[in-house]
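Notes follow the structure.
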Amino acid sequence: MAQTPLADVAPADGQRRVAAIDIGTNSIHLLIASIDPALHSFNVVLAEKSTTRLGDRDPETGALSPESIERAFLTLRHCRDLALSNGVEQIVTAATSAVREAPNGREFLQALDDQLGLAVDLVSGPEEARLIYLGVLSGFPFGEAPHYILDIGGGSTELILADGRGEARALTSTRIGAVRLQREFCQVDPLPASRRAFLEAYIQGSLDPAVAQVKGQLKAGETPVLVGTSGTAMALAALAAAEDPKPTLKLNGYRLSRTRVDQLVARLVALSPEQRKALPPINDRRAEIIVPGALILQTAMAMLGATELVVCDRALREGLIVDWMLRNGLLADRFAFQSTIRQRTVRHLARTHAVDAVRADRVAAHALALYDQTRGLLHDDRGEGRQLLWAAAQLHTCGKQINIAAYHKHTWYLIRHGELLGYTEAEHLMVAAIARYHRRGLPKKRHESWQVIEGRENRQTVSSMALLLRLAAALDRRPAAVVAGLEVEAEGSRSAGTTGLTVRLLPTVAAGETPADLSLERWSLRSCAPAVLEASDLRLRVPEP
């Protein structure tokens with residue numbers, strides 16, 4: 001991968017900063033990432049996009065036009081200067097479809113090197129697909145199911161089959177894209193019915209080899225999840241989310257049924273360019289090319305037999321960062337990177353808000369011990385809540401840097417509006433609410449943090465996990481680790497109508513010293529008894545040693 005070396009930069013916080021530039025057919029994207037060598041992860045410091053339309057090539061020769069080259073140079077100079085001002089140690093740059101197909105593409109890249117000092121890698125279609133896969137791996141949990149990844153660009157469409165446990169099973173690139181089809185097939189807008197039918201047939205014929213290739217790599221009985229990345233998918237998701245009665249703060253993980261996609265496409269095709277531009281979630285440039293992009297998406301869903309689309313906001317530019325980390329020894333295994341998405345993103349957010357990691361780990365350990373020992377007493381969770389409890393325990397004090405007195409409320413806001421990769425929107429809200437209700441009052445209908453939790457089961461999970469976190473946090477009264485463990489014992493049975501709960505604390509014992517005095521921790525735990533009784537009808541007892 002082409003890299004522009006800069007001055008050796010060693011940030012005081014131990015982080016390493018790298019910039020990635022994606023020179024696409026429709027837009028140029030800049031991403032500046034802060035890489036944590038200890039956590040083997042990164043977070044996005046700055047992301048910018050400029051519509052340069054390199055795909056508006058000369059209709060006779062296919063060459064990049066002087067106007068688009070000028071727009072690209074202005075944008076790339078801005079990107080370079082932004083990257084330098086942010087102290088990056090490397091700028092990794094890749095050019096895709098428009099540049100690799102243009103007769104003067106290599107001349108354009110040489111000029112960038114000569115005039116701006118930017119070394120640009122001209123990536124092939126399969127390499128573009130590989131980088132997209134790396135980007136999706138960095139922020140989207142694959143679980144056990146195989147996934148189709150569909151990236152509709154300005155000049156090409158990449159279709160990938162992967163399961164997150166090894167190399168991609170299939171990496172394909174097809175020469176159809178939103179800008180290319182707009183230029184070649186959409187001179188009349190709105191599209192007449194006959195022209196639309198012709199375009200759909202063309203898209204289907206173009207996608208046929210790629211669809212056959214990915215389907216051919218499926219194993220018997222597998223039903224892949226379809227993931228959509230980049231502009232078209234994000235624009236459709238934004239349009240659907242804007243009309244969704246349930247508020248959505250992030251589009252990553254947003255789900256669109258095939259029926260909803262069909263409805264959106266039918267609506268967009270019928271609108272004039274001016275009417276599409278009037279839709280708040282779609283900017284003017286996207287409005288010009290969204291119809292052919294949406295038709296590619298709709299046709300691909302039908303050909304793949306997909307009933308739902310899940311949107312991922314990571315793609316090629318994040319893949320450039322992951323690839324740089326792999327090349328520089330900051331990731332030993334990209335697939336281990338995938339398996340720890342949740343843990344890494346939680347620890348990143350905790351570090352961002354100056355959470356004491358040692359104490360957070362202790363509280364998390366106590367919370368999980370309580371979870372394991374109180375199944376059937378304080379909760380009936382089937383396992384899903386355990387990871388949410390761990391995440392909330394790691395983050396429950398992040399609001400202290402704003403206001404110590406009401407830090408639980410600020411914690412909710414910071415988690416709610418922070419980035420938690422690998423979690424669905426519902427899970428993200430639940431983590432924030434569990435942390436919110438670990439102290440002070442129990443959930444109330446008027447609370448926004450409670451209103452946004454949908455479904456009786458999700459609310460029950462929040463209530464029970466928050467109660468466990470309340471007990472675990474009560475044991476974290478001082479910086480020193482004085483509680484070695486705990487033992488929970490049920491008194492009576494629920495069927496008998498009266499149930500009590502005894503929690504015995506086990507003190508740490510240093511070699512040659514007397515056991516730690518846990519009177520403070522017992523007192524703190526007993527103060528939770530009213531909340532335990534109100535939430536679960538259990539009487540909490542904390543006996544003396």
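Identifiers in this document derive from the order of the structure tokens: chains are assigned A, B, ..., residues are numbered from 1 separately in each chain, and ligands are numbered from 1 in order of occurrence.
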Quick one: everything within 9 Å of A:Arg526, counting only C-alpha atoms, minus sequence neighbours fewer than 5 positions away in the same chain. Send it as a list in words. Ala474, Glu521, Leu540, Arg541 and Val542 of chain A
If you count only C-alpha atoms, which residues fall within 10 Å of A:Ala162, apart from same-chain ones fewer than 3 positions away, as a ChimeraX atom specification? /A:133,137,142,145-149,165-171,214,217-218,224
Could you dump the residues just selected with N, CA, C and O atoms as a tab-separated table (two decimals), in the first residue's frame?
chain	number	residue	atom	x	y	z
A	133	TYR	N	-13.46	-5.28	3.09
A	133	TYR	CA	-13.66	-6.36	4.06
A	133	TYR	C	-12.92	-6.07	5.36
A	133	TYR	O	-13.48	-6.22	6.46
A	137	LEU	N	-14.60	-5.59	9.01
A	137	LEU	CA	-14.13	-6.42	10.12
A	137	LEU	C	-13.83	-5.58	11.36
A	137	LEU	O	-14.02	-6.04	12.48
A	142	PHE	N	-19.41	-10.22	13.20
A	142	PHE	CA	-19.90	-11.23	12.27
A	142	PHE	C	-20.62	-12.38	12.98
A	142	PHE	O	-21.49	-13.00	12.42
A	145	ALA	N	-22.54	-16.39	11.64
A	145	ALA	CA	-23.12	-16.47	10.29
A	145	ALA	C	-22.18	-15.91	9.23
A	145	ALA	O	-21.42	-14.98	9.50
A	146	PRO	N	-22.21	-16.46	8.01
A	146	PRO	CA	-21.49	-15.83	6.90
A	146	PRO	C	-22.18	-14.53	6.52
A	146	PRO	O	-23.38	-14.35	6.77
A	147	HIS	N	-21.43	-13.63	5.89
A	147	HIS	CA	-21.97	-12.33	5.52
A	147	HIS	C	-21.64	-12.01	4.07
A	147	HIS	O	-20.52	-12.23	3.61
A	148	TYR	N	-22.65	-11.49	3.35
A	148	TYR	CA	-22.39	-10.81	2.10
A	148	TYR	C	-22.08	-9.35	2.46
A	148	TYR	O	-22.78	-8.76	3.28
A	149	ILE	N	-21.08	-8.79	1.84
A	149	ILE	CA	-20.79	-7.36	1.99
A	149	ILE	C	-20.96	-6.72	0.62
A	149	ILE	O	-20.30	-7.13	-0.34
A	165	ARG	N	-13.93	-15.42	10.16
A	165	ARG	CA	-13.03	-16.35	10.85
A	165	ARG	C	-11.79	-16.67	10.03
A	165	ARG	O	-10.91	-17.39	10.47
A	166	GLY	N	-11.73	-16.18	8.82
A	166	GLY	CA	-10.59	-16.46	7.95
A	166	GLY	C	-10.61	-15.52	6.77
A	166	GLY	O	-11.32	-14.52	6.76
A	167	GLU	N	-9.79	-15.83	5.78
A	167	GLU	CA	-9.79	-15.01	4.57
A	167	GLU	C	-11.18	-15.03	3.94
A	167	GLU	O	-11.93	-15.99	4.07
A	168	ALA	N	-11.49	-13.95	3.23
A	168	ALA	CA	-12.78	-13.88	2.55
A	168	ALA	C	-12.92	-15.06	1.58
A	168	ALA	O	-11.96	-15.45	0.91
A	169	ARG	N	-14.11	-15.62	1.52
A	169	ARG	CA	-14.34	-16.75	0.61
A	169	ARG	C	-14.40	-16.28	-0.84
A	169	ARG	O	-14.04	-17.02	-1.76
A	170	ALA	N	-14.90	-15.06	-1.06
A	170	ALA	CA	-15.00	-14.53	-2.42
A	170	ALA	C	-14.88	-13.01	-2.37
A	170	ALA	O	-15.51	-12.36	-1.53
A	171	LEU	N	-14.04	-12.46	-3.27
A	171	LEU	CA	-13.86	-11.01	-3.40
A	171	LEU	C	-14.14	-10.65	-4.85
A	171	LEU	O	-13.39	-11.05	-5.75
A	214	VAL	N	-20.16	-15.66	-5.39
A	214	VAL	CA	-20.34	-15.69	-3.93
A	214	VAL	C	-21.29	-16.80	-3.51
A	214	VAL	O	-21.06	-17.47	-2.50
A	217	GLN	N	-19.75	-20.20	-3.14
A	217	GLN	CA	-18.89	-20.45	-1.98
A	217	GLN	C	-19.69	-20.70	-0.70
A	217	GLN	O	-19.10	-20.89	0.37
A	218	LEU	N	-21.01	-20.69	-0.81
A	218	LEU	CA	-21.84	-20.97	0.37
A	218	LEU	C	-21.84	-22.47	0.67
A	218	LEU	O	-21.79	-23.30	-0.24
A	224	PRO	N	-26.67	-16.26	4.60
A	224	PRO	CA	-25.82	-15.10	4.92
A	224	PRO	C	-26.62	-13.86	5.31
A	224	PRO	O	-27.76	-13.67	4.91
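Distances from A:Thr248, A:Thr502, A:Ser464, A:Gln387 to A:Arg416 were compared using only C-alpha atoms, and the smallest one belongs to A:Thr248.
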If we count only C-alpha atoms, what is near stretch 350-361 of chain A at a cut-off of 10 Å, once residues fewer than 4 positions away on the same chain are taken out, given as a compact mmCIF listing (two decimals) with C-alpha atoms, in the first residue's frame?
# COMPACT_ATOMS: atom_id res chain seq x y z
CA ARG A 344 -11.83 -2.88 22.43
CA THR A 345 -14.48 -0.27 21.75
CA VAL A 346 -15.61 -0.26 25.41
CA ALA A 365 -15.35 -8.82 38.17
CA HIS A 366 -17.68 -8.35 41.17
CA ALA A 367 -20.63 -7.72 38.83
CA TRP A 390 -19.50 -6.05 31.73
CA ALA A 391 -19.58 -3.06 29.35
CA ALA A 392 -21.67 -0.95 31.73
CA ALA A 393 -19.34 -1.85 34.63
CA GLN A 394 -16.33 -0.70 32.62
CA LEU A 395 -18.01 2.61 31.78
CA HIS A 396 -20.17 3.38 34.83
CA THR A 397 -17.90 6.15 36.17
CA CYS A 398 -17.13 7.98 32.93
CA GLY A 399 -19.45 10.84 33.90
CA LYS A 400 -17.33 11.72 36.92
CA GLN A 401 -15.15 14.02 34.85
CA ILE A 402 -18.20 16.24 34.28
CA THR A 411 -22.43 8.67 32.22
CA LEU A 414 -21.59 10.00 27.29
CA ILE A 415 -22.25 6.33 26.58
CA GLY A 418 -20.29 7.67 22.25
CA ALA A 473 -20.16 -0.66 42.60
CA ASP A 476 -15.66 -0.21 45.23
CA ARG A 477 -15.31 2.21 48.15
CA ARG A 478 -11.57 2.81 48.13
CA PRO A 479 -8.62 2.65 45.73
CA ALA A 480 -7.11 -0.46 47.32
CA ALA A 481 -8.38 -3.92 46.40
Run DSSP on the backbone and give me the residues of stretch 204-288 of chain A it puts in strand (DSSP E or B), as a VMD selection string. chain A and resid 225 to 229 255 to 257
Within 10 Å of A:Gly24, counting only C-alpha atoms, which residues qualify if same-chain residues fewer than 4 places away don't, as a list in words?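 Residues near the query, excluding close chain neighbours: Ile28, His29, Thr51, Thr52, Arg53, Leu54, Gly55, Ala94, Ala95, Thr96, Ser97, Ala98, Val99, Gly153, Gly154, Gly155, Ser156 and Leu316 of chain A.
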Residue subset to file, keeping all heavy atoms, as an mmCIF file, in the first residue's frame:
data_model
loop_
_atom_site.group_PDB
_atom_site.id
_atom_site.type_symbol
_atom_site.label_atom_id
_atom_site.label_comp_id
_atom_site.auth_asym_id
_atom_site.auth_seq_id
_atom_site.Cartn_x
_atom_site.Cartn_y
_atom_site.Cartn_z
ATOM 1 N N ILE A 28 -13.839 12.019 -2.420
ATOM 2 C CA ILE A 28 -12.561 11.769 -1.753
ATOM 3 C C ILE A 28 -12.818 11.818 -0.264
ATOM 4 O O ILE A 28 -13.396 12.785 0.254
ATOM 5 C CB ILE A 28 -11.494 12.795 -2.164
ATOM 6 C CG1 ILE A 28 -11.118 12.584 -3.637
ATOM 7 C CG2 ILE A 28 -10.254 12.689 -1.278
ATOM 8 C CD1 ILE A 28 -10.134 13.609 -4.177
ATOM 9 N N HIS A 29 -12.430 10.759 0.424
ATOM 10 C CA HIS A 29 -12.639 10.656 1.867
ATOM 11 C C HIS A 29 -11.305 10.749 2.595
ATOM 12 O O HIS A 29 -10.323 10.111 2.194
ATOM 13 C CB HIS A 29 -13.290 9.317 2.228
ATOM 14 C CG HIS A 29 -14.693 9.167 1.737
ATOM 15 N ND1 HIS A 29 -15.792 9.435 2.517
ATOM 16 C CD2 HIS A 29 -15.176 8.766 0.541
ATOM 17 C CE1 HIS A 29 -16.889 9.209 1.833
ATOM 18 N NE2 HIS A 29 -16.544 8.800 0.619
ATOM 19 N N THR A 51 -17.069 15.885 -2.465
ATOM 20 C CA THR A 51 -17.539 15.323 -3.732
ATOM 21 C C THR A 51 -16.732 15.950 -4.863
ATOM 22 O O THR A 51 -16.854 17.150 -5.135
ATOM 23 C CB THR A 51 -19.031 15.601 -3.920
ATOM 24 O OG1 THR A 51 -19.752 15.061 -2.812
ATOM 25 C CG2 THR A 51 -19.540 14.962 -5.205
ATOM 26 N N THR A 52 -15.903 15.159 -5.520
ATOM 27 C CA THR A 52 -15.029 15.666 -6.583
ATOM 28 C C THR A 52 -15.400 15.126 -7.960
ATOM 29 O O THR A 52 -14.947 15.652 -8.972
ATOM 30 C CB THR A 52 -13.565 15.298 -6.276
ATOM 31 O OG1 THR A 52 -13.495 13.906 -5.974
ATOM 32 C CG2 THR A 52 -13.053 16.092 -5.080
ATOM 33 N N ARG A 53 -16.151 14.049 -8.026
ATOM 34 C CA ARG A 53 -16.671 13.489 -9.273
ATOM 35 C C ARG A 53 -15.567 13.209 -10.304
ATOM 36 O O ARG A 53 -15.650 13.652 -11.459
ATOM 37 C CB ARG A 53 -17.729 14.411 -9.863
ATOM 38 C CG ARG A 53 -19.037 14.453 -9.089
ATOM 39 C CD ARG A 53 -19.806 13.122 -9.264
ATOM 40 N NE ARG A 53 -20.951 13.062 -8.385
ATOM 41 C CZ ARG A 53 -22.152 13.562 -8.689
ATOM 42 N NH1 ARG A 53 -22.352 14.150 -9.835
ATOM 43 N NH2 ARG A 53 -23.150 13.445 -7.832
ATOM 44 N N LEU A 54 -14.543 12.502 -9.894
ATOM 45 C CA LEU A 54 -13.536 12.066 -10.858
ATOM 46 C C LEU A 54 -14.156 11.161 -11.921
ATOM 47 O O LEU A 54 -13.588 10.974 -12.992
ATOM 48 C CB LEU A 54 -12.401 11.334 -10.143
ATOM 49 C CG LEU A 54 -11.356 12.213 -9.443
ATOM 50 C CD1 LEU A 54 -10.443 11.365 -8.570
ATOM 51 C CD2 LEU A 54 -10.542 12.999 -10.456
ATOM 52 N N GLY A 55 -15.294 10.594 -11.600
ATOM 53 C CA GLY A 55 -15.977 9.721 -12.561
ATOM 54 C C GLY A 55 -16.601 10.452 -13.728
ATOM 55 O O GLY A 55 -17.023 9.820 -14.709
ATOM 56 N N ALA A 94 -5.204 5.574 -1.381
ATOM 57 C CA ALA A 94 -5.569 4.602 -2.412
ATOM 58 C C ALA A 94 -6.538 5.239 -3.389
ATOM 59 O O ALA A 94 -7.428 6.001 -2.998
ATOM 60 C CB ALA A 94 -6.200 3.363 -1.785
ATOM 61 N N ALA A 95 -6.366 4.939 -4.678
ATOM 62 C CA ALA A 95 -7.284 5.392 -5.718
ATOM 63 C C ALA A 95 -7.979 4.173 -6.319
ATOM 64 O O ALA A 95 -7.366 3.107 -6.462
ATOM 65 C CB ALA A 95 -6.523 6.159 -6.802
ATOM 66 N N THR A 96 -9.245 4.342 -6.677
ATOM 67 C CA THR A 96 -10.036 3.185 -7.120
ATOM 68 C C THR A 96 -10.516 3.335 -8.564
ATOM 69 O O THR A 96 -9.781 3.807 -9.421
ATOM 70 C CB THR A 96 -11.211 2.966 -6.156
ATOM 71 O OG1 THR A 96 -12.015 4.161 -6.087
ATOM 72 C CG2 THR A 96 -10.713 2.643 -4.750
ATOM 73 N N SER A 97 -11.731 2.946 -8.810
ATOM 74 C CA SER A 97 -12.267 2.710 -10.155
ATOM 75 C C SER A 97 -11.969 3.807 -11.183
ATOM 76 O O SER A 97 -11.411 3.530 -12.247
ATOM 77 C CB SER A 97 -13.781 2.499 -10.051
ATOM 78 O OG SER A 97 -14.374 2.409 -11.321
ATOM 79 N N ALA A 98 -12.348 5.049 -10.911
ATOM 80 C CA ALA A 98 -12.227 6.107 -11.925
ATOM 81 C C ALA A 98 -10.788 6.289 -12.371
ATOM 82 O O ALA A 98 -10.492 6.422 -13.570
ATOM 83 C CB ALA A 98 -12.791 7.416 -11.380
ATOM 84 N N VAL A 99 -9.868 6.289 -11.409
ATOM 85 C CA VAL A 99 -8.461 6.533 -11.736
ATOM 86 C C VAL A 99 -7.838 5.317 -12.420
ATOM 87 O O VAL A 99 -7.061 5.452 -13.371
ATOM 88 C CB VAL A 99 -7.665 6.906 -10.462
ATOM 89 C CG1 VAL A 99 -6.198 7.160 -10.801
ATOM 90 C CG2 VAL A 99 -8.265 8.134 -9.788
ATOM 91 N N GLY A 153 -20.078 1.778 -5.064
ATOM 92 C CA GLY A 153 -19.316 3.003 -5.222
ATOM 93 C C GLY A 153 -19.800 3.807 -6.407
ATOM 94 O O GLY A 153 -20.859 3.537 -6.986
ATOM 95 N N GLY A 154 -19.000 4.794 -6.789
ATOM 96 C CA GLY A 154 -19.372 5.611 -7.938
ATOM 97 C C GLY A 154 -19.136 4.906 -9.255
ATOM 98 O O GLY A 154 -19.919 5.061 -10.193
ATOM 99 N N GLY A 155 -18.050 4.101 -9.323
ATOM 100 C CA GLY A 155 -17.714 3.458 -10.583
ATOM 101 C C GLY A 155 -17.732 1.950 -10.550
ATOM 102 O O GLY A 155 -17.678 1.309 -11.610
ATOM 103 N N SER A 156 -17.758 1.362 -9.371
ATOM 104 C CA SER A 156 -17.754 -0.107 -9.279
ATOM 105 C C SER A 156 -18.559 -0.543 -8.066
ATOM 106 O O SER A 156 -18.809 0.235 -7.147
ATOM 107 C CB SER A 156 -16.325 -0.645 -9.183
ATOM 108 O OG SER A 156 -15.709 -0.229 -7.977
ATOM 109 N N LEU A 316 -13.765 1.137 2.988
ATOM 110 C CA LEU A 316 -12.394 1.097 2.488
ATOM 111 C C LEU A 316 -11.425 1.932 3.317
ATOM 112 O O LEU A 316 -10.303 1.504 3.594
ATOM 113 C CB LEU A 316 -12.373 1.550 1.019
ATOM 114 C CG LEU A 316 -11.042 1.381 0.287
ATOM 115 C CD1 LEU A 316 -11.266 0.977 -1.156
ATOM 116 C CD2 LEU A 316 -10.220 2.661 0.316
#
Which of these, A:Ile132, A:Leu161, A:Ser206, A:Arg276, has the shortest distance to A:Asp189 once you count only C-alpha atoms?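 The shortest atom-to-atom distance to A:Asp189 comes from A:Arg276.
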Run DSSP on the backbone of this structure and report the residues of stretch 455-529 of chain A it assigns to helix (DSSP H, G or I), as a ChimeraX atom specification. /A:456-474,494-496,519-526,529
Using only C-alpha atoms, which protein or nucleic acid residues come within 12 Å of A:Leu320? Drop anything in the same chain fewer than 5 positions from it, and give the result as a PyMOL selection string. chain A and resi 1-3+18-23+29-33+42+90-95+121+123+127-138+314-315+325-327
For A:Val483, which residue out of A:Leu518, A:Ala63, A:Ile160, A:Cys312 is the nearest one, using only C-alpha atoms?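 The shortest atom-to-atom distance to A:Val483 comes from A:Leu518.
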Judged by only C-alpha atoms, the minimum distance to A:Thr514 among A:Leu538, A:Lys277, A:Gln110, A:Val482 is found for A:Val482
Of the listed residues A:Cys186, A:Ile69, A:Val45, A:Leu122, that which approaches A:Ser272 most closely, counting only C-alpha atoms: A:Cys186
Determine, for each residue of stretch 81-141 of chain A having at least one atom at most 7 Å from an atom of stretch 422-446 of chain A, the closest pair of atoms and their separation in Å to one decimal, counting only C-alpha atoms; order by chain and ascending number, as CSV.
residue,atom,partner,partner_atom,distance
A:Gly139,CA,A:Gly422,CA,6.0
A:Phe140,CA,A:Gly422,CA,5.2
A:Pro141,CA,A:Gly422,CA,5.1
How many Å lie between atom CA of A:Val310 and atom CA of A:Val227, rounded to one decimal? 4.8 Å
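Around A:Val291, within 8 Å and counting only C-alpha atoms, the residues found are Ala178, Val265, Leu268 and Val269 of chain A, once anything fewer than 5 positions away on its own chain is removed.
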Written selection (C-alpha atoms) as a compact mmCIF listing (two decimals), in the first residue's frame:
# COMPACT_ATOMS: atom_id res chain seq x y z
CA ALA A 178 -23.89 5.08 -9.11
CA VAL A 265 -36.64 2.88 -4.36
CA LEU A 268 -37.02 7.88 -5.28
CA VAL A 269 -37.46 6.76 -8.90
Considering only C-alpha atoms, can you say which of A:Gly87, A:Gly143, A:Ser527, A:Ala466 comes closest to A:Gly164?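 For A:Gly164, the nearest of the given residues is A:Gly143.
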So the first atom is atom CA of A:Pro190 and the second is atom CA of A:Pro280; what is the distance between them in Å, to one decimal place? 19.1 Å
